[in-house]
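Peer 1: Mind having a look at this structure? Questions to follow.
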Amino acid sequence: MAIGVTALAVEATIPTTVTYTDATAAALAAAGVLALTIAYRRRHPPLGYAGAAMLLLAWVLILAANKVSQPQLYAIPVGLYLVTIGVLERRQGPRPFALYVESFGLTVLLLTSFIQSVDADTGLPYFLLLLAQGLLVVLWGAVRRVKIPFFMGIGTSVFNVAAQLIVLLVAARRASARGDPLLVAVLIVLTVGLALCLLAIVVERQRARLLAHAQEWRVALDTWD
């Protein structure tokens with residue numbers, strides 16, 4: 001009876017999603033919780049994925065009904081959902097499809113932050129968020145010995161820093177054309193430039209040791225999935 005009533009509630013509210021969004025979200029949330037409960041009791045992962053998807057859809061509908069336009073509130077649940085499915089499926093055995101799902105979830109998380117970070121006016125918090133996400137993804141791949149997340153995190157961090165340098169230079173040029181003060185932009189550019197110079201010096205002085213470590217990493221990466 002619980003399954004039947006919940007299914008009827010979902011069927012009755014879906015046609016009126018545009019006008020009664022909250023009702024559809026509530027029905028989907030109830031159906032998702034019920035599906036997750038049944039999946040847990042019967043040890044049925046696909047039904048659990050469906051239940052989580054219904055909860056996620058209910059969350060998206062609630063955000064849309066309240067005209068929430070912050071992309072992170074959409075991207076983070078979707079990305080984590082896909083990553084979770086990928087991880088759980090990989091525990092069942094080597095499945096390439098599971099790795100693709102996990103990688104797509106990470107792409108949703110990282111790409112959303114990257115797009116927001118290149119805004120010259122509001123991008124700084126998302127630049128820092130993307131740095132943190134990139135580091136976490138690198139650690140995530142290293143701990144699990146999986147190549148794709150590991151290199152995704154490294155590549156994202158490199159592109160993130162490079163994009164911010166371009167954004168800062170463009171912002172400085174625009175400010176110069178308007179006659180605005182450039183002190184903050186110049187200080188940021190000089191700081192980043194000094195950090196890169198120091199990094200180059202360290203790399204040069206420790207080149208032999210770094211090459212040895214790189215060889216060790218190459219051998220280790222050959223054993224990763």
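By order in the structure tokens, chains are A, B, ...; within a chain, residues start at 1; ligands start at 1, following the order shown.
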Give me the residues within 12 Å of Val158 (chain A) as a ChimeraX atom specification, counting only C-alpha atoms and dropping any in the same chain fewer than 4 places off.

Peer 2: /A:114,127,130-131,134-135,151-154,162-165

Peer 1: So how many Å separate CA of Ala120 (chain A) and CA of Leu168 (chain A), to one decimal?

Peer 2: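 Taking CA of Ala120 (chain A) as the start and CA of Leu168 (chain A) as the end point, the length is 7.3 Å.
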
Peer 1: Give me the residues within 12 Å of Leu36 (chain A) as a list in words, counting only C-alpha atoms and dropping any in the same chain fewer than 6 places off.

Peer 2: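 What passes the distance filter is Ala29, Ala30, Arg42, Arg43, His44, Pro45, Pro46, Leu47, Gly48, Tyr49, Ala50, Gly51, Ala52, Ala53, Met54 and Leu55 of chain A.
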
Peer 1: At what distance in Å, to one decimal, does CA of Glu102 (chain A) lie from CA of Leu136 (chain A)?

Peer 2: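 Spanning CA of Leu136 (chain A) to CA of Glu102 (chain A) is a straight-line distance of 14.4 Å.
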
Peer 1: Name the closest residue to Val18 (chain A) among the candidates A:Ile62, A:Val146, A:Leu88, A:Leu106; distances are taken between atoms, counting only C-alpha atoms.

Peer 2: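 Among the listed residues, A:Ile62 lies closest to Val18 (chain A).
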
Peer 1: Would you kindly return, as a PDB file with C-alpha atoms, in the first residue's frame, each protein, DNA or RNA residue with an atom no farther than 12 Å from any atom of Ile14 (chain A), considering only C-alpha atoms and excluding same-chain residues fewer than 2 positions away?

Peer 2:
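Below is the file part.pdb, written as the result:
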ATOM      1  CA  ALA A   7       3.549   5.945  -6.887  1.00  0.00           C
ATOM      2  CA  LEU A   8       0.096   7.490  -7.314  1.00  0.00           C
ATOM      3  CA  ALA A   9       1.266  10.689  -5.617  1.00  0.00           C
ATOM      4  CA  VAL A  10       4.202  10.984  -8.007  1.00  0.00           C
ATOM      5  CA  GLU A  11       2.040  10.256 -11.051  1.00  0.00           C
ATOM      6  CA  ALA A  12      -0.572  12.792  -9.937  1.00  0.00           C
ATOM      7  CA  THR A  16       1.490  19.853 -12.547  1.00  0.00           C
ATOM      8  CA  THR A  17       5.210  20.294 -11.901  1.00  0.00           C
ATOM      9  CA  VAL A  18       5.331  23.789 -13.398  1.00  0.00           C
ATOM     10  CA  THR A  19       2.424  25.158 -11.358  1.00  0.00           C
ATOM     11  CA  TYR A  20       2.800  23.057  -8.190  1.00  0.00           C
ATOM     12  CA  THR A  21       6.541  22.440  -8.026  1.00  0.00           C
ATOM     13  CA  ASP A  22       6.656  22.003  -4.253  1.00  0.00           C
ATOM     14  CA  ALA A  23       4.037  19.230  -4.393  1.00  0.00           C
ATOM     15  CA  THR A  24       6.020  17.332  -7.029  1.00  0.00           C
ATOM     16  CA  ALA A  25       9.209  17.762  -5.017  1.00  0.00           C
ATOM     17  CA  ALA A  26       7.508  16.442  -1.876  1.00  0.00           C
ATOM     18  CA  ALA A  27       6.141  13.411  -3.734  1.00  0.00           C
ATOM     19  CA  LEU A  28       9.532  12.642  -5.275  1.00  0.00           C
ATOM     20  CA  LEU A  57      15.507  15.738  -8.441  1.00  0.00           C
ATOM     21  CA  ALA A  58      13.323  16.903  -5.560  1.00  0.00           C
ATOM     22  CA  LEU A  61      12.890  21.330  -8.083  1.00  0.00           C
TER      23      LEU A  61
END

Peer 1: Find the distance between CA of Val101 (chain A) and CA of Leu34 (chain A) and write it in Å to one decimal.

Peer 2: 24.6 Å

Peer 1: For Val87 (chain A), find every residue with an atom within 12 Å (counting only C-alpha atoms), except residues of its own chain fewer than 4 positions away, and show them as a PyMOL selection string.

Peer 2: chain A and resi 80-83+91-103+105-106+140-141+144+146+149

Peer 1: Quick one: write out the picked residues with N, CA and C atoms as a PDB file, in the first residue's frame?

Peer 2:
ATOM      1  N   LEU A  80      28.458  14.702  -6.553  1.00  0.00           N
ATOM      2  CA  LEU A  80      28.663  13.712  -5.489  1.00  0.00           C
ATOM      3  C   LEU A  80      27.826  12.464  -5.728  1.00  0.00           C
ATOM      4  N   TYR A  81      26.627  12.643  -6.276  1.00  0.00           N
ATOM      5  CA  TYR A  81      25.770  11.495  -6.588  1.00  0.00           C
ATOM      6  C   TYR A  81      26.445  10.575  -7.607  1.00  0.00           C
ATOM      7  N   LEU A  82      26.973  11.173  -8.678  1.00  0.00           N
ATOM      8  CA  LEU A  82      27.617  10.374  -9.721  1.00  0.00           C
ATOM      9  C   LEU A  82      28.904   9.728  -9.214  1.00  0.00           C
ATOM     10  N   VAL A  83      29.675  10.467  -8.422  1.00  0.00           N
ATOM     11  CA  VAL A  83      30.905   9.900  -7.864  1.00  0.00           C
ATOM     12  C   VAL A  83      30.584   8.721  -6.953  1.00  0.00           C
ATOM     13  N   ARG A  91      33.369  -1.153  -6.534  1.00  0.00           N
ATOM     14  CA  ARG A  91      33.592  -2.132  -5.461  1.00  0.00           C
ATOM     15  C   ARG A  91      33.073  -3.511  -5.844  1.00  0.00           C
ATOM     16  N   GLN A  92      32.159  -3.551  -6.827  1.00  0.00           N
ATOM     17  CA  GLN A  92      31.635  -4.836  -7.280  1.00  0.00           C
ATOM     18  C   GLN A  92      32.601  -5.554  -8.214  1.00  0.00           C
ATOM     19  N   GLY A  93      33.649  -4.840  -8.640  1.00  0.00           N
ATOM     20  CA  GLY A  93      34.606  -5.424  -9.573  1.00  0.00           C
ATOM     21  C   GLY A  93      35.056  -4.383 -10.573  1.00  0.00           C
ATOM     22  N   PRO A  94      36.046  -4.718 -11.412  1.00  0.00           N
ATOM     23  CA  PRO A  94      36.537  -3.760 -12.424  1.00  0.00           C
ATOM     24  C   PRO A  94      35.484  -3.497 -13.500  1.00  0.00           C
ATOM     25  N   ARG A  95      34.891  -2.312 -13.466  1.00  0.00           N
ATOM     26  CA  ARG A  95      33.857  -1.942 -14.432  1.00  0.00           C
ATOM     27  C   ARG A  95      34.207  -0.588 -15.036  1.00  0.00           C
ATOM     28  N   PRO A  96      34.598  -0.556 -16.327  1.00  0.00           N
ATOM     29  CA  PRO A  96      34.950   0.732 -16.957  1.00  0.00           C
ATOM     30  C   PRO A  96      33.830   1.750 -16.895  1.00  0.00           C
ATOM     31  N   PHE A  97      32.578   1.289 -17.024  1.00  0.00           N
ATOM     32  CA  PHE A  97      31.447   2.227 -16.992  1.00  0.00           C
ATOM     33  C   PHE A  97      31.394   2.967 -15.660  1.00  0.00           C
ATOM     34  N   ALA A  98      31.703   2.273 -14.566  1.00  0.00           N
ATOM     35  CA  ALA A  98      31.682   2.909 -13.248  1.00  0.00           C
ATOM     36  C   ALA A  98      32.731   4.009 -13.157  1.00  0.00           C
ATOM     37  N   LEU A  99      33.903   3.775 -13.743  1.00  0.00           N
ATOM     38  CA  LEU A  99      34.949   4.796 -13.732  1.00  0.00           C
ATOM     39  C   LEU A  99      34.532   6.010 -14.555  1.00  0.00           C
ATOM     40  N   TYR A 100      33.822   5.782 -15.669  1.00  0.00           N
ATOM     41  CA  TYR A 100      33.344   6.900 -16.483  1.00  0.00           C
ATOM     42  C   TYR A 100      32.308   7.724 -15.717  1.00  0.00           C
ATOM     43  N   VAL A 101      31.420   7.052 -15.003  1.00  0.00           N
ATOM     44  CA  VAL A 101      30.413   7.765 -14.213  1.00  0.00           C
ATOM     45  C   VAL A 101      31.080   8.596 -13.128  1.00  0.00           C
ATOM     46  N   GLU A 102      32.049   8.004 -12.440  1.00  0.00           N
ATOM     47  CA  GLU A 102      32.772   8.733 -11.399  1.00  0.00           C
ATOM     48  C   GLU A 102      33.509   9.937 -11.989  1.00  0.00           C
ATOM     49  N   SER A 103      34.154   9.738 -13.136  1.00  0.00           N
ATOM     50  CA  SER A 103      34.894  10.831 -13.771  1.00  0.00           C
ATOM     51  C   SER A 103      33.952  11.944 -14.218  1.00  0.00           C
ATOM     52  N   GLY A 105      31.125  12.717 -12.781  1.00  0.00           N
ATOM     53  CA  GLY A 105      30.742  13.437 -11.575  1.00  0.00           C
ATOM     54  C   GLY A 105      31.807  14.421 -11.133  1.00  0.00           C
ATOM     55  N   LEU A 106      33.067  14.010 -11.190  1.00  0.00           N
ATOM     56  CA  LEU A 106      34.160  14.931 -10.851  1.00  0.00           C
ATOM     57  C   LEU A 106      34.228  16.091 -11.845  1.00  0.00           C
ATOM     58  N   TRP A 140      42.318  11.989  -3.571  1.00  0.00           N
ATOM     59  CA  TRP A 140      41.326  10.926  -3.787  1.00  0.00           C
ATOM     60  C   TRP A 140      41.876   9.874  -4.752  1.00  0.00           C
ATOM     61  N   GLY A 141      42.469  10.333  -5.856  1.00  0.00           N
ATOM     62  CA  GLY A 141      43.038   9.395  -6.814  1.00  0.00           C
ATOM     63  C   GLY A 141      44.260   8.682  -6.279  1.00  0.00           C
ATOM     64  N   ARG A 144      43.317   5.966  -3.617  1.00  0.00           N
ATOM     65  CA  ARG A 144      42.656   4.811  -4.231  1.00  0.00           C
ATOM     66  C   ARG A 144      43.467   4.204  -5.374  1.00  0.00           C
ATOM     67  N   VAL A 146      44.012   5.365  -8.466  1.00  0.00           N
ATOM     68  CA  VAL A 146      43.257   5.447  -9.716  1.00  0.00           C
ATOM     69  C   VAL A 146      43.798   6.633 -10.507  1.00  0.00           C
ATOM     70  N   PRO A 149      41.177  10.220 -11.776  1.00  0.00           N
ATOM     71  CA  PRO A 149      40.976  11.320 -10.822  1.00  0.00           C
ATOM     72  C   PRO A 149      42.280  12.017 -10.460  1.00  0.00           C
TER      73      PRO A 149
END
